[in-house]
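*Asks:* Got a structure here, written out as structure tokens. Questions coming.
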Amino acid sequence: MMLDLAMKIGILTRNPQAWCNLQLKQAMVKLGVTPVCFSFKDVMGTIGLGAGVTLNGKPIEGELSAVIVRPIGSGSLEQIILRVDLLKAMEYLGVKVVNRGEAIEKAVDKYYSLLLLDRSGIPVPATIATESYGEALKGYKMLGKDTVLKPIFGSRGVGVARVEVDDVAVRIFRLLSSQRSVIYLQSYIPHGFSDIRAFVIGDRVVAAARRVSSYWKTNVAQGAWTKPVKLTPELEETAIKSASVLGCEVAGVDIMISRDGFFVNEVNSQPDWRGLQSTTSINIAEEIIRYVLSELRG
Ligand SMILES: Nc1ncnc2c1ncn2[C@@H]1O[C@H](COP(=O)(O)OP(=O)(O)OP(=O)(O)O)[C@@H](O)[C@H]1O
Ligand SMILES: [Mg+2]
């Protein structure tokens, strides 16, 4: 195998010392690639000046063959939109971006991503989304009054809340609509305090784990722990299809299982894999870099 030793791959991050980023850097060095950490603060989009994107003042396509987004970060709505736009602009210049701007755009939007999954025949929890207090109350009843309220652009379980008492629903929906927030509400899936995280790279699941919690939120960031799990072919196929529907080449697909079957909760377009790594001998960072390299060669 011939490797281009001068090849540089960017890690777009605000925290180059984060565990996943250290893993990616190690994997790159092992595979003969030079890692370059940078953040959106180092990037400028230009139009009419030679349409492009600069990284610290230089055309990005001359600096990097690919960019791994880890992660797009928090910010104002306009900052996030610009970041997604810049990822798209990088792609136009021939830089391989993982995940693509368009995929991240779809995946971070909980309503839109679930809509696309549902339209592709993937089972998802019954969900309503509205900016109206009155409609939200109707939706709450339609969902059987046993619900989970989520920020539409959520992260790590923060702000995800059970709503199952009418008075609480009335107060919270009224408050949210009065402050111009939207109400995104889902039926509660009785999953027995665990769910499945399937890590998809390209068209395969490279690792999967069961996340077990002491209460209904199963985010590792909320204290859940991970156990190895062998996926059924059906779940494996579902995870791969879910990632592909949203255009994610690297994805953490979360699946909840109840007595009524399985439901895809979400597709994380910039997944962490620290918990998952402890359950498998496969080096996930290396798998990601191998995938990016094979795409670059292809
Ligand atoms: N409909 C539901 N029924 C039961 N439990 C749910 C439901 N939706 C979410 N949960 C639990 O709450 C956790 C957090 O919800 P969710 O994954 O939707 O948001 P998030 O983790 O904050 O978002 P992100 O993964 O994008 O950071 C899930 O991991 C799951 O354990
Ligand atoms: Mg989640």
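Identifiers for the structure tokens are assigned positionally: chains receive A, B, ... in sequence, residues are indexed from 1 per chain, and ligands are indexed from 1 in the order shown.
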For ligand 2, collect every residue having any atom at a distance of at most 9 Å from a ligand atom (counting only C-alpha atoms and all ligand atoms); output as a compact mmCIF listing (two decimals) with N, CA and C atoms, in the first residue's frame.
*Replies:*
```txt
# COMPACT_ATOMS: atom_id res chain seq x y z
N GLY A 154 -30.50 19.34 21.09
CA GLY A 154 -30.11 18.98 22.45
C GLY A 154 -28.71 18.44 22.51
N SER A 155 -28.25 18.25 23.73
CA SER A 155 -26.95 17.64 23.86
C SER A 155 -26.77 16.94 25.20
N ARG A 156 -26.37 15.71 25.11
CA ARG A 156 -25.93 14.92 26.27
C ARG A 156 -26.98 14.79 27.36
N GLY A 157 -28.23 14.82 26.95
CA GLY A 157 -29.31 14.60 27.92
C GLY A 157 -29.71 15.83 28.71
N LYS A 217 -32.62 8.15 31.68
CA LYS A 217 -31.70 8.76 30.70
C LYS A 217 -30.45 7.90 30.60
N THR A 218 -30.12 7.50 29.41
CA THR A 218 -29.02 6.54 29.26
C THR A 218 -27.77 7.17 28.63
N ASN A 219 -27.66 8.50 28.71
CA ASN A 219 -26.44 9.14 28.20
C ASN A 219 -25.26 8.80 29.11
N VAL A 253 -25.56 5.58 16.44
CA VAL A 253 -27.01 5.43 16.31
C VAL A 253 -27.56 4.85 17.62
N ASP A 254 -28.52 5.57 18.21
CA ASP A 254 -29.08 5.15 19.50
C ASP A 254 -30.44 4.50 19.29
N ASN A 265 -33.77 6.34 18.45
CA ASN A 265 -33.94 7.60 19.16
C ASN A 265 -33.25 8.73 18.41
N GLU A 266 -32.04 8.48 17.99
CA GLU A 266 -31.34 9.54 17.26
C GLU A 266 -30.08 9.02 16.60
N VAL A 267 -29.58 9.83 15.66
CA VAL A 267 -28.32 9.53 15.00
C VAL A 267 -27.38 10.67 15.37
N ASN A 268 -26.35 10.35 16.13
CA ASN A 268 -25.37 11.38 16.52
C ASN A 268 -24.33 11.51 15.41
```
*Asks:* Can you write out as a Markdown table which residues of segment 4-80 of chain A fall within 8 Å of segment 288-291 of chain A, alongside each residue's closest atom pair and its distance in Å to one decimal, counting only C-alpha atoms and ordering rows by chain and ascending residue number?
*Replies:*
```
| residue | atom | partner | partner_atom | distance |
| --- | --- | --- | --- | --- |
| A:Leu24 | CA | A:Ile289 | CA | 7.3 |
| A:Ala27 | CA | A:Ile289 | CA | 6.9 |
| A:Met28 | CA | A:Ile289 | CA | 6.6 |
```
*Asks:* Go ahead and write the residues just picked, N, CA, C and O atoms, as a PDB file, in the first residue's frame.
*Replies:*
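Result file again39.pdb:
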```pdb
ATOM      1  N   LEU A  24      -7.533   9.960  17.767  1.00  0.00           N
ATOM      2  CA  LEU A  24      -7.463  10.188  16.316  1.00  0.00           C
ATOM      3  C   LEU A  24      -6.035  10.550  15.905  1.00  0.00           C
ATOM      4  O   LEU A  24      -5.530  10.069  14.889  1.00  0.00           O
ATOM      5  N   ALA A  27      -3.849   7.514  15.926  1.00  0.00           N
ATOM      6  CA  ALA A  27      -4.171   6.637  14.791  1.00  0.00           C
ATOM      7  C   ALA A  27      -3.571   7.203  13.507  1.00  0.00           C
ATOM      8  O   ALA A  27      -3.035   6.471  12.674  1.00  0.00           O
ATOM      9  N   MET A  28      -3.638   8.519  13.344  1.00  0.00           N
ATOM     10  CA  MET A  28      -3.089   9.133  12.130  1.00  0.00           C
ATOM     11  C   MET A  28      -1.591   8.910  12.052  1.00  0.00           C
ATOM     12  O   MET A  28      -1.068   8.516  11.009  1.00  0.00           O
TER      13      MET A  28
END
```
*Asks:* Enter the distance from atom CA of Thr279 of chain A to atom CA of Ile11 of chain A, in Å, rounded to one decimal.
*Replies:*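 Answer for the atom CA of Thr279 of chain A to atom CA of Ile11 of chain A separation: 24.5 Å.
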*Asks:* What does the structure give for the distance between atom 22 (O, counted along the ligand's line) of ligand 1 and atom CA of Val245 of chain A, in Å to one decimal?
*Replies:* 20.7 Å
*Asks:* Report, in Å to a single decimal, how far apart atom 3 (N, counted along the ligand's line) of ligand 1 and atom CA of Thr238 of chain A are.
*Replies:* 18.2 Å
*Asks:* Run DSSP on the backbone and grab whatever in segment 43-156 of chain A lands in strand (DSSP E); send it over as a list in words.
*Replies:*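 Residues meeting the strand (DSSP E) criterion: Val43, Met44, Gly45, Thr46, Gly52, Val53, Thr54, Leu55, Lys58, Pro59, Ala66, Val67, Ile68, Val69, Lys96, Val97, Val98, Thr127, Ile128, Ala129, Thr130, Thr147, Val148, Leu149 and Lys150 of chain A.
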*Asks:* Can you spit out the residues from that selection as a compact mmCIF listing (two decimals), in the first residue's frame, using C-alpha atoms?
*Replies:*
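Dumped to part.txt:
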```txt
# COMPACT_ATOMS: atom_id res chain seq x y z
CA VAL A 43 -11.26 29.61 9.39
CA MET A 44 -12.64 32.24 7.01
CA GLY A 45 -14.96 31.78 4.07
CA THR A 46 -14.24 34.07 1.13
CA GLY A 52 -12.77 29.60 -0.96
CA VAL A 53 -12.03 28.84 2.64
CA THR A 54 -8.83 29.82 4.37
CA LEU A 55 -7.18 28.11 7.31
CA LYS A 58 -3.97 29.85 3.52
CA PRO A 59 -6.34 28.08 1.10
CA ALA A 66 -9.73 15.83 4.80
CA VAL A 67 -11.35 17.29 7.88
CA ILE A 68 -12.91 15.36 10.76
CA VAL A 69 -15.49 17.43 12.66
CA LYS A 96 -13.24 15.39 2.31
CA VAL A 97 -15.34 16.43 5.33
CA VAL A 98 -16.54 13.81 7.83
CA THR A 127 -43.34 12.75 18.26
CA ILE A 128 -44.95 16.16 17.98
CA ALA A 129 -43.31 19.54 17.32
CA THR A 130 -45.01 22.94 17.42
CA THR A 147 -43.97 12.03 27.35
CA VAL A 148 -40.40 13.26 27.05
CA LEU A 149 -39.79 16.95 26.32
CA LYS A 150 -36.55 17.77 24.52
```
*Asks:* Taking only C-alpha atoms and all ligand atoms into account, which of A:Ile282, A:Met256, A:Ala208, A:Val170 comes nearest ligand 1?
*Replies:*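 Closest candidate: A:Met256.
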*Asks:* If you run DSSP on the backbone, which residues of segment 74-296 of chain A are helix (DSSP H, G or I), as an MDAnalysis selection string?
*Replies:* chainID A and resid 77:92 101:108 110:119 133:142 166:178 220:222 233:245 274:277 284:296
*Asks:* Using the selection just defined, write its residues with C-alpha atoms as a compact mmCIF listing (two decimals), in the first residue's frame.
*Replies:*
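Ended up saving to part23.txt:
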```txt
# COMPACT_ATOMS: atom_id res chain seq x y z
CA LEU A 77 -27.86 29.86 15.76
CA GLU A 78 -25.98 32.06 13.28
CA GLN A 79 -22.62 30.69 14.38
CA ILE A 80 -23.84 27.12 13.88
CA ILE A 81 -25.32 27.95 10.47
CA LEU A 82 -22.07 29.58 9.36
CA ARG A 83 -20.05 26.57 10.60
CA VAL A 84 -22.24 24.22 8.57
CA ASP A 85 -21.90 26.54 5.55
CA LEU A 86 -18.11 26.54 5.91
CA LEU A 87 -18.09 22.73 5.97
CA LYS A 88 -20.09 22.76 2.74
CA ALA A 89 -17.66 25.30 1.24
CA MET A 90 -14.72 23.04 2.18
CA GLU A 91 -16.38 20.16 0.33
CA TYR A 92 -16.84 22.32 -2.77
CA GLY A 101 -22.06 19.74 6.51
CA GLU A 102 -25.35 18.57 5.11
CA ALA A 103 -25.33 15.42 7.24
CA ILE A 104 -24.57 17.36 10.43
CA GLU A 105 -27.27 19.86 9.54
CA LYS A 106 -29.84 17.07 9.29
CA ALA A 107 -28.67 15.05 12.27
CA VAL A 108 -28.50 17.88 14.83
CA LYS A 110 -34.10 16.35 16.17
CA TYR A 111 -37.40 16.95 14.39
CA TYR A 112 -36.05 16.95 10.84
CA SER A 113 -33.86 13.91 11.38
CA LEU A 114 -36.73 11.90 12.87
CA LEU A 115 -38.97 12.98 9.99
CA LEU A 116 -36.43 11.64 7.48
CA LEU A 117 -35.96 8.39 9.41
CA ASP A 118 -39.72 7.87 9.66
CA ARG A 119 -40.15 8.53 5.93
CA TYR A 133 -49.14 26.13 23.33
CA GLY A 134 -52.61 24.90 22.34
CA GLU A 135 -51.31 22.47 19.73
CA ALA A 136 -48.71 21.19 22.20
CA LEU A 137 -51.46 20.34 24.69
CA LYS A 138 -53.34 18.44 21.97
CA GLY A 139 -50.13 16.62 21.06
CA TYR A 140 -49.48 15.75 24.70
CA LYS A 141 -52.90 14.06 24.83
CA MET A 142 -52.31 12.30 21.49
CA ASP A 166 -51.25 17.72 33.15
CA ASP A 167 -50.53 20.79 35.30
CA VAL A 168 -46.82 20.55 34.53
CA ALA A 169 -47.59 20.23 30.82
CA VAL A 170 -49.82 23.32 30.85
CA ARG A 171 -47.25 25.45 32.69
CA ILE A 172 -44.23 24.35 30.72
CA PHE A 173 -45.84 24.53 27.26
CA ARG A 174 -47.19 28.01 28.04
CA LEU A 175 -43.81 29.16 29.28
CA LEU A 176 -41.95 27.74 26.27
CA SER A 177 -44.29 29.25 23.69
CA SER A 178 -44.30 32.63 25.48
CA VAL A 220 -22.91 8.30 29.30
CA ALA A 221 -22.67 12.01 30.19
CA GLN A 222 -25.59 11.38 32.61
CA PRO A 233 -28.82 -8.49 11.93
CA GLU A 234 -32.06 -6.45 12.00
CA LEU A 235 -30.65 -3.89 14.45
CA GLU A 236 -27.36 -3.76 12.57
CA GLU A 237 -29.16 -3.11 9.30
CA THR A 238 -31.33 -0.46 10.98
CA ALA A 239 -28.28 1.36 12.35
CA ILE A 240 -26.56 1.40 8.95
CA LYS A 241 -29.72 2.56 7.19
CA SER A 242 -30.36 5.29 9.79
CA ALA A 243 -26.86 6.71 9.33
CA SER A 244 -27.17 6.56 5.58
CA VAL A 245 -30.60 8.25 5.46
CA ARG A 274 -14.75 6.67 24.86
CA GLY A 275 -17.35 4.55 26.67
CA LEU A 276 -17.80 2.30 23.65
CA GLN A 277 -14.04 1.83 23.19
CA ILE A 284 -12.39 2.91 16.71
CA ALA A 285 -10.18 5.94 15.97
CA GLU A 286 -8.08 3.81 13.66
CA GLU A 287 -11.21 2.55 11.90
CA ILE A 288 -12.29 6.16 11.31
CA ILE A 289 -8.91 7.14 9.85
CA ARG A 290 -8.74 3.98 7.71
CA TYR A 291 -12.19 4.83 6.38
CA VAL A 292 -11.21 8.44 5.55
CA LEU A 293 -8.05 7.21 3.81
CA SER A 294 -9.97 4.65 1.78
CA GLU A 295 -12.43 7.35 0.74
CA LEU A 296 -9.57 9.65 -0.26
```
*Asks:* Can you list, as JSON, numbers by chain, every protein, DNA or RNA residue that comes within 8 Å of Ser213 of chain A when you count only C-alpha atoms, leaving out same-chain residues fewer than 5 positions away?
*Replies:* {"A": [193, 194, 218, 219, 223, 224, 225]}
*Asks:* Residues near Ala207 of chain A, anyone? I mean within 10 Å using only C-alpha atoms, not counting same-chain ones fewer than 5 positions away, as a list in words.
*Replies:*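 Here the qualifying residues turn out to be Arg197, Ala198, Phe199, Val200, Ile201, Pro228, Val229, Lys230, Leu231, Gly252, Trp273, Leu276, Gln277, Thr279, Thr280, Ser281, Ile282, Asn283 and Ile284 of chain A.
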